[in-house]
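> A single structure is presented below for examination.
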Amino acid sequence: MRLSPRHIFPFALLAASITWIFTIETLPPLEPLVEEVIEPLPPPQPVAPFIYEFPVTLSLCPKLDVANAPLADTALHIISYTATLTINDVTLARAPVETACVSSGFGNRNGQVHTGIDLYSLEPVDIYAAADGTIREAEYRYDFGNMLVIDHGNGVFTRYAHLDSFSGLNAGETVKSGQIVGVMGNTAGYLIPRHLHYEILTGEWGAQAGSFALTPVDALYIPPID
């Protein structure tokens with residue numbers, strides 16, 4: 001008897017199913033899933049403070065009668081000026097400002113001793129730490145306005161007076177050379193033009209007098225050339 005396709009189809013379907021089952025059983029076993037390891041992100045690093053390179057030239061303020069003015073050329077550039085000087089193995093900036101001119105030098109002025117130099121700018125420019133150190137004083141005084149004193153070690157200190165602000169710094173904090181420590185201002189108990197009164201001080205910190213027990217040094221003193 002000749003079978004019709006209708007009779008053959010069920011047997012063909014059964015044979016195909018059996019073949020498919022044996023094919024599945026002969027497939028290689030699947031590899032076990034490996035748990036993906038995600039490395040944690042590194043912790044955020046603190047932003048490094050902006051470090052400023054001090055200018056290699058400095059000028060006297062034009063149209064001003066500068067008291068105790070250091071020697072300058074016809075363009076008012078201070079002769080033989082260097083950006084830094086070294087005292088007791090500590091290298092300090094002579095003029096730790098963004099930009100300024102000298103409006104008053106170190107020495108006798110109006111019958112009194114001017115114990116620092118005055119650096120003038122019409123605009124409120126940044127003030128920088130003259131060297132690495134630790135802040136010893138950050139306070140307001142009637143005569144110096146907002147005043148900051150930095151201890152650089154080896155008996156060397158710097159004072160920054162009439163600051164508009166302290167840039168959020170407090171006594172006991174460390175600073176790096178060229179780090180912004182304030183903004184030039186005109187703070188005091190009396191009316192003054194905007195400027196930075198800058199002192200370099202040496203000696204031993206006073207138990208009561210603090211920084212006022214120290215000896216001021218002329219930041220613009222340049223030894224004569226032999």
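We name chains A, B, ... following the order of the structure tokens; residues begin at 1 in each chain, and ligands are numbered from 1 as shown.
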Considering only C-alpha atoms, return as an MDAnalysis selection string whatever protein or nucleic-acid residues lie within 10 Å of Ala75 of chain A, sequence-local ones (same chain, fewer than 4 positions apart) excluded.
chainID A and resid 59:60 62
> Would you list the contacts of Val175 of chain A as a compact mmCIF listing (two decimals) with N, CA and C atoms, in the first residue's frame, taking every protein, DNA or RNA residue within 7 Å and counting only C-alpha atoms, but skipping same-chain residues closer than 5 positions in sequence?

# COMPACT_ATOMS: atom_id res chain seq x y z
N ALA A 129 51.72 84.42 49.67
CA ALA A 129 52.70 84.07 50.70
C ALA A 129 54.10 84.21 50.12
N ASP A 132 57.03 79.32 51.91
CA ASP A 132 56.30 78.32 52.69
C ASP A 132 56.29 78.72 54.16
N GLY A 133 55.21 78.40 54.84
CA GLY A 133 55.20 78.73 56.26
C GLY A 133 53.89 78.40 56.93
N THR A 134 53.79 78.83 58.19
CA THR A 134 52.60 78.62 59.01
C THR A 134 52.08 79.98 59.48
> Write out as a PDB file with N, CA and C atoms, in the first residue's frame the set of residues from segment 63-221 of chain A that DSSP, computed on the backbone, places in strand (DSSP E or B).

ATOM      1  N   ALA A  67      58.999 107.974  49.596  1.00  0.00           N
ATOM      2  CA  ALA A  67      59.937 108.080  50.709  1.00  0.00           C
ATOM      3  C   ALA A  67      60.875 106.886  50.717  1.00  0.00           C
ATOM      4  N   ALA A  72      66.634 103.774  41.193  1.00  0.00           N
ATOM      5  CA  ALA A  72      65.847 103.352  40.040  1.00  0.00           C
ATOM      6  C   ALA A  72      66.385 104.041  38.791  1.00  0.00           C
ATOM      7  N   HIS A  77      62.302 101.733  37.040  1.00  0.00           N
ATOM      8  CA  HIS A  77      62.561 100.348  37.430  1.00  0.00           C
ATOM      9  C   HIS A  77      63.665 100.328  38.494  1.00  0.00           C
ATOM     10  N   ILE A  78      63.448  99.590  39.581  1.00  0.00           N
ATOM     11  CA  ILE A  78      64.440  99.513  40.648  1.00  0.00           C
ATOM     12  C   ILE A  78      65.681  98.786  40.129  1.00  0.00           C
ATOM     13  N   THR A  84      63.509  87.627  44.674  1.00  0.00           N
ATOM     14  CA  THR A  84      63.617  87.045  46.010  1.00  0.00           C
ATOM     15  C   THR A  84      64.911  87.463  46.690  1.00  0.00           C
ATOM     16  N   LEU A  85      64.958  87.267  47.981  1.00  0.00           N
ATOM     17  CA  LEU A  85      66.187  87.388  48.763  1.00  0.00           C
ATOM     18  C   LEU A  85      66.196  86.257  49.773  1.00  0.00           C
ATOM     19  N   THR A  86      67.372  85.913  50.290  1.00  0.00           N
ATOM     20  CA  THR A  86      67.507  84.790  51.221  1.00  0.00           C
ATOM     21  C   THR A  86      68.031  85.282  52.560  1.00  0.00           C
ATOM     22  N   ILE A  87      67.303  84.929  53.622  1.00  0.00           N
ATOM     23  CA  ILE A  87      67.675  85.287  54.990  1.00  0.00           C
ATOM     24  C   ILE A  87      67.617  84.021  55.834  1.00  0.00           C
ATOM     25  N   VAL A  90      66.249  81.000  54.327  1.00  0.00           N
ATOM     26  CA  VAL A  90      64.855  81.068  53.878  1.00  0.00           C
ATOM     27  C   VAL A  90      64.778  82.045  52.707  1.00  0.00           C
ATOM     28  N   THR A  91      64.276  81.574  51.571  1.00  0.00           N
ATOM     29  CA  THR A  91      64.149  82.427  50.388  1.00  0.00           C
ATOM     30  C   THR A  91      62.754  83.028  50.354  1.00  0.00           C
ATOM     31  N   LEU A  92      62.697  84.367  50.296  1.00  0.00           N
ATOM     32  CA  LEU A  92      61.445  85.107  50.394  1.00  0.00           C
ATOM     33  C   LEU A  92      61.246  86.000  49.175  1.00  0.00           C
ATOM     34  N   ALA A  93      59.991  86.254  48.855  1.00  0.00           N
ATOM     35  CA  ALA A  93      59.675  87.235  47.821  1.00  0.00           C
ATOM     36  C   ALA A  93      59.886  88.636  48.375  1.00  0.00           C
ATOM     37  N   VAL A  97      53.055  90.316  45.535  1.00  0.00           N
ATOM     38  CA  VAL A  97      51.783  90.838  45.039  1.00  0.00           C
ATOM     39  C   VAL A  97      51.600  90.456  43.577  1.00  0.00           C
ATOM     40  N   CYS A 101      53.279  98.879  42.437  1.00  0.00           N
ATOM     41  CA  CYS A 101      54.487  99.700  42.402  1.00  0.00           C
ATOM     42  C   CYS A 101      54.807 100.115  43.833  1.00  0.00           C
ATOM     43  N   VAL A 102      56.039 100.547  44.064  1.00  0.00           N
ATOM     44  CA  VAL A 102      56.481 100.923  45.407  1.00  0.00           C
ATOM     45  C   VAL A 102      56.064 102.363  45.677  1.00  0.00           C
ATOM     46  N   SER A 103      55.255 102.559  46.718  1.00  0.00           N
ATOM     47  CA  SER A 103      54.826 103.909  47.078  1.00  0.00           C
ATOM     48  C   SER A 103      55.563 104.450  48.295  1.00  0.00           C
ATOM     49  N   SER A 104      56.230 103.564  49.050  1.00  0.00           N
ATOM     50  CA  SER A 104      57.039 104.001  50.179  1.00  0.00           C
ATOM     51  C   SER A 104      58.039 102.917  50.511  1.00  0.00           C
ATOM     52  N   GLY A 107      62.365 102.686  56.277  1.00  0.00           N
ATOM     53  CA  GLY A 107      63.237 103.622  56.979  1.00  0.00           C
ATOM     54  C   GLY A 107      62.468 104.785  57.583  1.00  0.00           C
ATOM     55  N   ASN A 108      63.186 105.848  57.907  1.00  0.00           N
ATOM     56  CA  ASN A 108      62.582 107.009  58.554  1.00  0.00           C
ATOM     57  C   ASN A 108      61.593 107.692  57.612  1.00  0.00           C
ATOM     58  N   ARG A 109      60.408 107.979  58.156  1.00  0.00           N
ATOM     59  CA  ARG A 109      59.379 108.643  57.362  1.00  0.00           C
ATOM     60  C   ARG A 109      58.505 109.470  58.292  1.00  0.00           C
ATOM     61  N   GLN A 112      59.038 109.050  61.976  1.00  0.00           N
ATOM     62  CA  GLN A 112      58.879 107.706  62.517  1.00  0.00           C
ATOM     63  C   GLN A 112      59.593 106.709  61.614  1.00  0.00           C
ATOM     64  N   VAL A 113      59.789 105.483  62.121  1.00  0.00           N
ATOM     65  CA  VAL A 113      60.424 104.432  61.324  1.00  0.00           C
ATOM     66  C   VAL A 113      59.337 103.632  60.619  1.00  0.00           C
ATOM     67  N   HIS A 114      59.402 103.650  59.305  1.00  0.00           N
ATOM     68  CA  HIS A 114      58.483 102.817  58.514  1.00  0.00           C
ATOM     69  C   HIS A 114      59.113 101.438  58.416  1.00  0.00           C
ATOM     70  N   ILE A 117      57.702  98.005  53.537  1.00  0.00           N
ATOM     71  CA  ILE A 117      57.561  98.729  52.281  1.00  0.00           C
ATOM     72  C   ILE A 117      56.078  98.748  51.922  1.00  0.00           C
ATOM     73  N   ASP A 118      55.661  99.798  51.215  1.00  0.00           N
ATOM     74  CA  ASP A 118      54.280  99.904  50.771  1.00  0.00           C
ATOM     75  C   ASP A 118      54.212  99.634  49.274  1.00  0.00           C
ATOM     76  N   LEU A 119      53.326  98.730  48.889  1.00  0.00           N
ATOM     77  CA  LEU A 119      53.130  98.347  47.491  1.00  0.00           C
ATOM     78  C   LEU A 119      51.710  98.748  47.091  1.00  0.00           C
ATOM     79  N   TYR A 120      51.630  99.632  46.093  1.00  0.00           N
ATOM     80  CA  TYR A 120      50.350 100.260  45.742  1.00  0.00           C
ATOM     81  C   TYR A 120      49.796  99.708  44.438  1.00  0.00           C
ATOM     82  N   ASP A 126      45.659  90.377  44.112  1.00  0.00           N
ATOM     83  CA  ASP A 126      45.937  89.296  45.060  1.00  0.00           C
ATOM     84  C   ASP A 126      47.272  89.501  45.767  1.00  0.00           C
ATOM     85  N   ILE A 127      47.317  89.011  47.008  1.00  0.00           N
ATOM     86  CA  ILE A 127      48.535  89.003  47.823  1.00  0.00           C
ATOM     87  C   ILE A 127      48.937  87.546  48.027  1.00  0.00           C
ATOM     88  N   TYR A 128      50.248  87.261  47.973  1.00  0.00           N
ATOM     89  CA  TYR A 128      50.733  85.885  48.020  1.00  0.00           C
ATOM     90  C   TYR A 128      51.661  85.663  49.219  1.00  0.00           C
ATOM     91  N   GLY A 133      55.212  78.399  54.840  1.00  0.00           N
ATOM     92  CA  GLY A 133      55.202  78.729  56.262  1.00  0.00           C
ATOM     93  C   GLY A 133      53.890  78.398  56.933  1.00  0.00           C
ATOM     94  N   THR A 134      53.787  78.832  58.191  1.00  0.00           N
ATOM     95  CA  THR A 134      52.598  78.625  59.014  1.00  0.00           C
ATOM     96  C   THR A 134      52.084  79.977  59.482  1.00  0.00           C
ATOM     97  N   ILE A 135      50.789  80.182  59.368  1.00  0.00           N
ATOM     98  CA  ILE A 135      50.200  81.449  59.797  1.00  0.00           C
ATOM     99  C   ILE A 135      50.223  81.533  61.320  1.00  0.00           C
ATOM    100  N   ARG A 136      50.845  82.597  61.827  1.00  0.00           N
ATOM    101  CA  ARG A 136      50.903  82.805  63.281  1.00  0.00           C
ATOM    102  C   ARG A 136      49.834  83.783  63.755  1.00  0.00           C
ATOM    103  N   GLU A 137      49.515  84.782  62.933  1.00  0.00           N
ATOM    104  CA  GLU A 137      48.494  85.757  63.310  1.00  0.00           C
ATOM    105  C   GLU A 137      47.617  86.054  62.093  1.00  0.00           C
ATOM    106  N   ALA A 138      46.311  86.145  62.331  1.00  0.00           N
ATOM    107  CA  ALA A 138      45.353  86.580  61.321  1.00  0.00           C
ATOM    108  C   ALA A 138      44.283  87.343  62.077  1.00  0.00           C
ATOM    109  N   GLU A 139      44.426  88.657  62.156  1.00  0.00           N
ATOM    110  CA  GLU A 139      43.557  89.444  63.020  1.00  0.00           C
ATOM    111  C   GLU A 139      43.423  90.864  62.504  1.00  0.00           C
ATOM    112  N   TYR A 140      42.494  91.599  63.084  1.00  0.00           N
ATOM    113  CA  TYR A 140      42.313  93.018  62.749  1.00  0.00           C
ATOM    114  C   TYR A 140      42.959  93.877  63.825  1.00  0.00           C
ATOM    115  N   ARG A 141      43.685  94.912  63.379  1.00  0.00           N
ATOM    116  CA  ARG A 141      44.273  95.899  64.273  1.00  0.00           C
ATOM    117  C   ARG A 141      43.911  97.291  63.750  1.00  0.00           C
ATOM    118  N   GLY A 145      44.933  97.282  60.172  1.00  0.00           N
ATOM    119  CA  GLY A 145      43.745  96.710  59.553  1.00  0.00           C
ATOM    120  C   GLY A 145      43.768  95.188  59.636  1.00  0.00           C
ATOM    121  N   ASN A 146      43.302  94.535  58.575  1.00  0.00           N
ATOM    122  CA  ASN A 146      43.383  93.072  58.504  1.00  0.00           C
ATOM    123  C   ASN A 146      44.845  92.679  58.291  1.00  0.00           C
ATOM    124  N   MET A 147      45.421  92.021  59.281  1.00  0.00           N
ATOM    125  CA  MET A 147      46.861  91.739  59.288  1.00  0.00           C
ATOM    126  C   MET A 147      47.111  90.241  59.372  1.00  0.00           C
ATOM    127  N   LEU A 148      48.068  89.790  58.588  1.00  0.00           N
ATOM    128  CA  LEU A 148      48.467  88.383  58.556  1.00  0.00           C
ATOM    129  C   LEU A 148      49.966  88.306  58.805  1.00  0.00           C
ATOM    130  N   VAL A 149      50.389  87.377  59.677  1.00  0.00           N
ATOM    131  CA  VAL A 149      51.817  87.139  59.919  1.00  0.00           C
ATOM    132  C   VAL A 149      52.099  85.660  59.683  1.00  0.00           C
ATOM    133  N   ILE A 150      53.129  85.383  58.885  1.00  0.00           N
ATOM    134  CA  ILE A 150      53.499  84.007  58.544  1.00  0.00           C
ATOM    135  C   ILE A 150      54.878  83.696  59.112  1.00  0.00           C
ATOM    136  N   ASP A 151      54.989  82.549  59.746  1.00  0.00           N
ATOM    137  CA  ASP A 151      56.258  82.047  60.290  1.00  0.00           C
ATOM    138  C   ASP A 151      56.876  81.117  59.246  1.00  0.00           C
ATOM    139  N   HIS A 152      58.065  81.470  58.751  1.00  0.00           N
ATOM    140  CA  HIS A 152      58.739  80.678  57.714  1.00  0.00           C
ATOM    141  C   HIS A 152      59.845  79.790  58.270  1.00  0.00           C
ATOM    142  N   GLY A 153      59.990  79.770  59.589  1.00  0.00           N
ATOM    143  CA  GLY A 153      61.044  78.962  60.191  1.00  0.00           C
ATOM    144  C   GLY A 153      62.374  79.684  60.228  1.00  0.00           C
ATOM    145  N   VAL A 156      62.456  83.562  60.773  1.00  0.00           N
ATOM    146  CA  VAL A 156      62.087  84.481  59.693  1.00  0.00           C
ATOM    147  C   VAL A 156      60.562  84.517  59.573  1.00  0.00           C
ATOM    148  N   PHE A 157      60.014  85.732  59.497  1.00  0.00           N
ATOM    149  CA  PHE A 157      58.570  85.940  59.435  1.00  0.00           C
ATOM    150  C   PHE A 157      58.257  87.013  58.391  1.00  0.00           C
ATOM    151  N   THR A 158      57.009  87.048  57.936  1.00  0.00           N
ATOM    152  CA  THR A 158      56.547  88.147  57.070  1.00  0.00           C
ATOM    153  C   THR A 158      55.194  88.629  57.573  1.00  0.00           C
ATOM    154  N   ARG A 159      54.974  89.948  57.411  1.00  0.00           N
ATOM    155  CA  ARG A 159      53.709  90.568  57.817  1.00  0.00           C
ATOM    156  C   ARG A 159      53.043  91.197  56.586  1.00  0.00           C
ATOM    157  N   TYR A 160      51.714  91.039  56.506  1.00  0.00           N
ATOM    158  CA  TYR A 160      50.927  91.587  55.402  1.00  0.00           C
ATOM    159  C   TYR A 160      49.788  92.394  56.035  1.00  0.00           C
ATOM    160  N   ALA A 161      49.774  93.707  55.824  1.00  0.00           N
ATOM    161  CA  ALA A 161      48.806  94.561  56.502  1.00  0.00           C
ATOM    162  C   ALA A 161      47.882  95.262  55.495  1.00  0.00           C
ATOM    163  N   HIS A 162      46.705  95.692  56.007  1.00  0.00           N
ATOM    164  CA  HIS A 162      45.663  96.405  55.256  1.00  0.00           C
ATOM    165  C   HIS A 162      44.974  95.506  54.234  1.00  0.00           C
ATOM    166  N   LEU A 163      44.978  94.190  54.468  1.00  0.00           N
ATOM    167  CA  LEU A 163      44.326  93.270  53.540  1.00  0.00           C
ATOM    168  C   LEU A 163      42.812  93.513  53.522  1.00  0.00           C
ATOM    169  N   ASP A 164      42.231  93.371  52.364  1.00  0.00           N
ATOM    170  CA  ASP A 164      40.777  93.441  52.246  1.00  0.00           C
ATOM    171  C   ASP A 164      40.134  92.201  52.861  1.00  0.00           C
ATOM    172  N   SER A 165      40.828  91.053  52.727  1.00  0.00           N
ATOM    173  CA  SER A 165      40.325  89.794  53.290  1.00  0.00           C
ATOM    174  C   SER A 165      41.500  88.858  53.513  1.00  0.00           C
ATOM    175  N   THR A 174      48.933  76.033  57.314  1.00  0.00           N
ATOM    176  CA  THR A 174      50.157  76.137  56.533  1.00  0.00           C
ATOM    177  C   THR A 174      49.836  76.665  55.138  1.00  0.00           C
ATOM    178  N   VAL A 175      50.804  77.362  54.565  1.00  0.00           N
ATOM    179  CA  VAL A 175      50.658  77.911  53.222  1.00  0.00           C
ATOM    180  C   VAL A 175      51.918  77.609  52.423  1.00  0.00           C
ATOM    181  N   GLN A 179      51.140  81.054  47.282  1.00  0.00           N
ATOM    182  CA  GLN A 179      49.711  80.789  47.481  1.00  0.00           C
ATOM    183  C   GLN A 179      49.003  82.090  47.847  1.00  0.00           C
ATOM    184  N   ILE A 180      47.810  82.295  47.318  1.00  0.00           N
ATOM    185  CA  ILE A 180      47.029  83.491  47.642  1.00  0.00           C
ATOM    186  C   ILE A 180      46.658  83.459  49.124  1.00  0.00           C
ATOM    187  N   VAL A 181      46.982  84.545  49.824  1.00  0.00           N
ATOM    188  CA  VAL A 181      46.649  84.643  51.244  1.00  0.00           C
ATOM    189  C   VAL A 181      45.689  85.792  51.525  1.00  0.00           C
ATOM    190  N   GLY A 182      45.409  86.633  50.545  1.00  0.00           N
ATOM    191  CA  GLY A 182      44.510  87.755  50.760  1.00  0.00           C
ATOM    192  C   GLY A 182      44.407  88.622  49.528  1.00  0.00           C
ATOM    193  N   VAL A 183      43.706  89.726  49.699  1.00  0.00           N
ATOM    194  CA  VAL A 183      43.513  90.703  48.620  1.00  0.00           C
ATOM    195  C   VAL A 183      43.918  92.070  49.161  1.00  0.00           C
ATOM    196  N   MET A 184      44.625  92.846  48.338  1.00  0.00           N
ATOM    197  CA  MET A 184      45.060  94.169  48.756  1.00  0.00           C
ATOM    198  C   MET A 184      43.851  95.045  49.083  1.00  0.00           C
ATOM    199  N   GLY A 185      43.945  95.758  50.211  1.00  0.00           N
ATOM    200  CA  GLY A 185      42.832  96.602  50.618  1.00  0.00           C
ATOM    201  C   GLY A 185      43.301  97.909  51.220  1.00  0.00           C
ATOM    202  N   HIS A 195      46.677  99.674  49.532  1.00  0.00           N
ATOM    203  CA  HIS A 195      48.068  99.254  49.370  1.00  0.00           C
ATOM    204  C   HIS A 195      48.348  98.061  50.286  1.00  0.00           C
ATOM    205  N   LEU A 196      49.485  97.418  50.068  1.00  0.00           N
ATOM    206  CA  LEU A 196      49.970  96.373  50.971  1.00  0.00           C
ATOM    207  C   LEU A 196      51.157  96.921  51.742  1.00  0.00           C
ATOM    208  N   HIS A 197      51.062  96.902  53.056  1.00  0.00           N
ATOM    209  CA  HIS A 197      52.227  97.168  53.900  1.00  0.00           C
ATOM    210  C   HIS A 197      52.865  95.812  54.180  1.00  0.00           C
ATOM    211  N   TYR A 198      54.095  95.632  53.684  1.00  0.00           N
ATOM    212  CA  TYR A 198      54.758  94.326  53.731  1.00  0.00           C
ATOM    213  C   TYR A 198      56.033  94.433  54.544  1.00  0.00           C
ATOM    214  N   GLU A 199      56.191  93.512  55.502  1.00  0.00           N
ATOM    215  CA  GLU A 199      57.386  93.491  56.341  1.00  0.00           C
ATOM    216  C   GLU A 199      58.043  92.116  56.307  1.00  0.00           C
ATOM    217  N   ILE A 200      59.360  92.117  56.326  1.00  0.00           N
ATOM    218  CA  ILE A 200      60.149  90.920  56.614  1.00  0.00           C
ATOM    219  C   ILE A 200      60.726  91.099  58.012  1.00  0.00           C
ATOM    220  N   LEU A 201      60.547  90.094  58.868  1.00  0.00           N
ATOM    221  CA  LEU A 201      60.917  90.192  60.272  1.00  0.00           C
ATOM    222  C   LEU A 201      61.811  89.018  60.665  1.00  0.00           C
ATOM    223  N   THR A 202      62.743  89.274  61.563  1.00  0.00           N
ATOM    224  CA  THR A 202      63.619  88.209  62.040  1.00  0.00           C
ATOM    225  C   THR A 202      63.695  88.256  63.565  1.00  0.00           C
ATOM    226  N   GLY A 206      57.865  86.939  70.443  1.00  0.00           N
ATOM    227  CA  GLY A 206      57.724  87.392  71.825  1.00  0.00           C
ATOM    228  C   GLY A 206      56.592  86.689  72.555  1.00  0.00           C
ATOM    229  N   GLY A 210      54.482  89.094  70.730  1.00  0.00           N
ATOM    230  CA  GLY A 210      54.279  88.364  69.473  1.00  0.00           C
ATOM    231  C   GLY A 210      55.195  88.839  68.373  1.00  0.00           C
ATOM    232  N   THR A 215      62.553  91.874  64.686  1.00  0.00           N
ATOM    233  CA  THR A 215      63.312  92.966  64.076  1.00  0.00           C
ATOM    234  C   THR A 215      62.980  93.062  62.586  1.00  0.00           C
ATOM    235  N   PRO A 216      62.513  94.224  62.126  1.00  0.00           N
ATOM    236  CA  PRO A 216      62.186  94.375  60.705  1.00  0.00           C
ATOM    237  C   PRO A 216      63.440  94.479  59.838  1.00  0.00           C
ATOM    238  N   VAL A 217      63.313  93.959  58.606  1.00  0.00           N
ATOM    239  CA  VAL A 217      64.401  93.965  57.622  1.00  0.00           C
ATOM    240  C   VAL A 217      63.873  94.608  56.340  1.00  0.00           C
TER     241      VAL A 217
END
> Using only C-alpha atoms, can you tell me which of A:Phe166, A:Thr82, A:Asp143, A:Arg194 comes closest to Pro124 of chain A?
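When distances to Pro124 of chain A are compared using only C-alpha atoms, the smallest one comes from A:Arg194.
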> Quick one: of A:Val56, A:Leu191, A:Ala69, A:Ala131, who's nearest to Tyr221 of chain A, counting only C-alpha atoms?
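Under the stated criterion, the closest residue is A:Ala69.
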> Name all residues at most 12 Å from Ser80 of chain A (count only C-alpha atoms; drop same-chain ones fewer than 6 positions away) and give them as a PDB file with N, CA and C atoms, in the first residue's frame.

ATOM      1  N   VAL A  56      59.976  89.564  38.238  1.00  0.00           N
ATOM      2  CA  VAL A  56      61.425  89.790  38.323  1.00  0.00           C
ATOM      3  C   VAL A  56      61.771  91.274  38.186  1.00  0.00           C
ATOM      4  N   THR A  57      60.766  92.127  37.995  1.00  0.00           N
ATOM      5  CA  THR A  57      60.996  93.574  37.955  1.00  0.00           C
ATOM      6  C   THR A  57      60.002  94.259  38.884  1.00  0.00           C
ATOM      7  N   LEU A  58      60.387  95.416  39.390  1.00  0.00           N
ATOM      8  CA  LEU A  58      59.518  96.211  40.256  1.00  0.00           C
ATOM      9  C   LEU A  58      59.874  97.672  40.040  1.00  0.00           C
ATOM     10  N   SER A  59      58.860  98.526  40.023  1.00  0.00           N
ATOM     11  CA  SER A  59      59.067  99.941  39.733  1.00  0.00           C
ATOM     12  C   SER A  59      58.566 100.819  40.868  1.00  0.00           C
ATOM     13  N   PRO A  70      64.398 103.209  46.756  1.00  0.00           N
ATOM     14  CA  PRO A  70      65.646 102.588  46.301  1.00  0.00           C
ATOM     15  C   PRO A  70      66.055 103.165  44.948  1.00  0.00           C
ATOM     16  N   LEU A  71      67.297 102.950  44.568  1.00  0.00           N
ATOM     17  CA  LEU A  71      67.795 103.476  43.292  1.00  0.00           C
ATOM     18  C   LEU A  71      66.995 102.896  42.133  1.00  0.00           C
ATOM     19  N   ALA A  72      66.634 103.774  41.193  1.00  0.00           N
ATOM     20  CA  ALA A  72      65.847 103.352  40.040  1.00  0.00           C
ATOM     21  C   ALA A  72      66.385 104.041  38.791  1.00  0.00           C
ATOM     22  N   ASP A  73      66.111 103.452  37.628  1.00  0.00           N
ATOM     23  CA  ASP A  73      66.543 104.061  36.373  1.00  0.00           C
ATOM     24  C   ASP A  73      65.515 105.094  35.913  1.00  0.00           C
ATOM     25  N   LEU A 220      63.644  95.504  50.269  1.00  0.00           N
ATOM     26  CA  LEU A 220      64.209  95.981  48.988  1.00  0.00           C
ATOM     27  C   LEU A 220      65.708  96.271  49.087  1.00  0.00           C
ATOM     28  N   TYR A 221      66.312  95.891  50.218  1.00  0.00           N
ATOM     29  CA  TYR A 221      67.753  96.121  50.332  1.00  0.00           C
ATOM     30  C   TYR A 221      68.499  95.227  49.354  1.00  0.00           C
ATOM     31  N   ILE A 222      69.352  95.866  48.573  1.00  0.00           N
ATOM     32  CA  ILE A 222      70.178  95.156  47.612  1.00  0.00           C
ATOM     33  C   ILE A 222      71.636  95.495  47.907  1.00  0.00           C
ATOM     34  N   PRO A 223      72.454  94.492  48.278  1.00  0.00           N
ATOM     35  CA  PRO A 223      73.849  94.786  48.624  1.00  0.00           C
ATOM     36  C   PRO A 223      74.561  95.476  47.454  1.00  0.00           C
ATOM     37  N   PRO A 224      75.423  96.440  47.772  1.00  0.00           N
ATOM     38  CA  PRO A 224      76.151  97.102  46.702  1.00  0.00           C
ATOM     39  C   PRO A 224      77.079  96.162  45.968  1.00  0.00           C
ATOM     40  N   ILE A 225      77.276  96.424  44.685  1.00  0.00           N
ATOM     41  CA  ILE A 225      78.167  95.591  43.881  1.00  0.00           C
ATOM     42  C   ILE A 225      79.597  96.059  44.073  1.00  0.00           C
TER      43      ILE A 225
END
> Closest to Glu123 of chain A among A:Pro96, A:Pro42, A:Pro193, A:Gly203, using only C-alpha atoms?
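Among the listed residues, A:Pro193 lies closest to Glu123 of chain A.
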> Which residue is closest to Glu98 of chain A? Choose from A:Val125, A:Ala171, A:Ala83, A:Ala188 and count only C-alpha atoms.
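Checking each candidate against Glu98 of chain A, we get A:Val125 as the closest.
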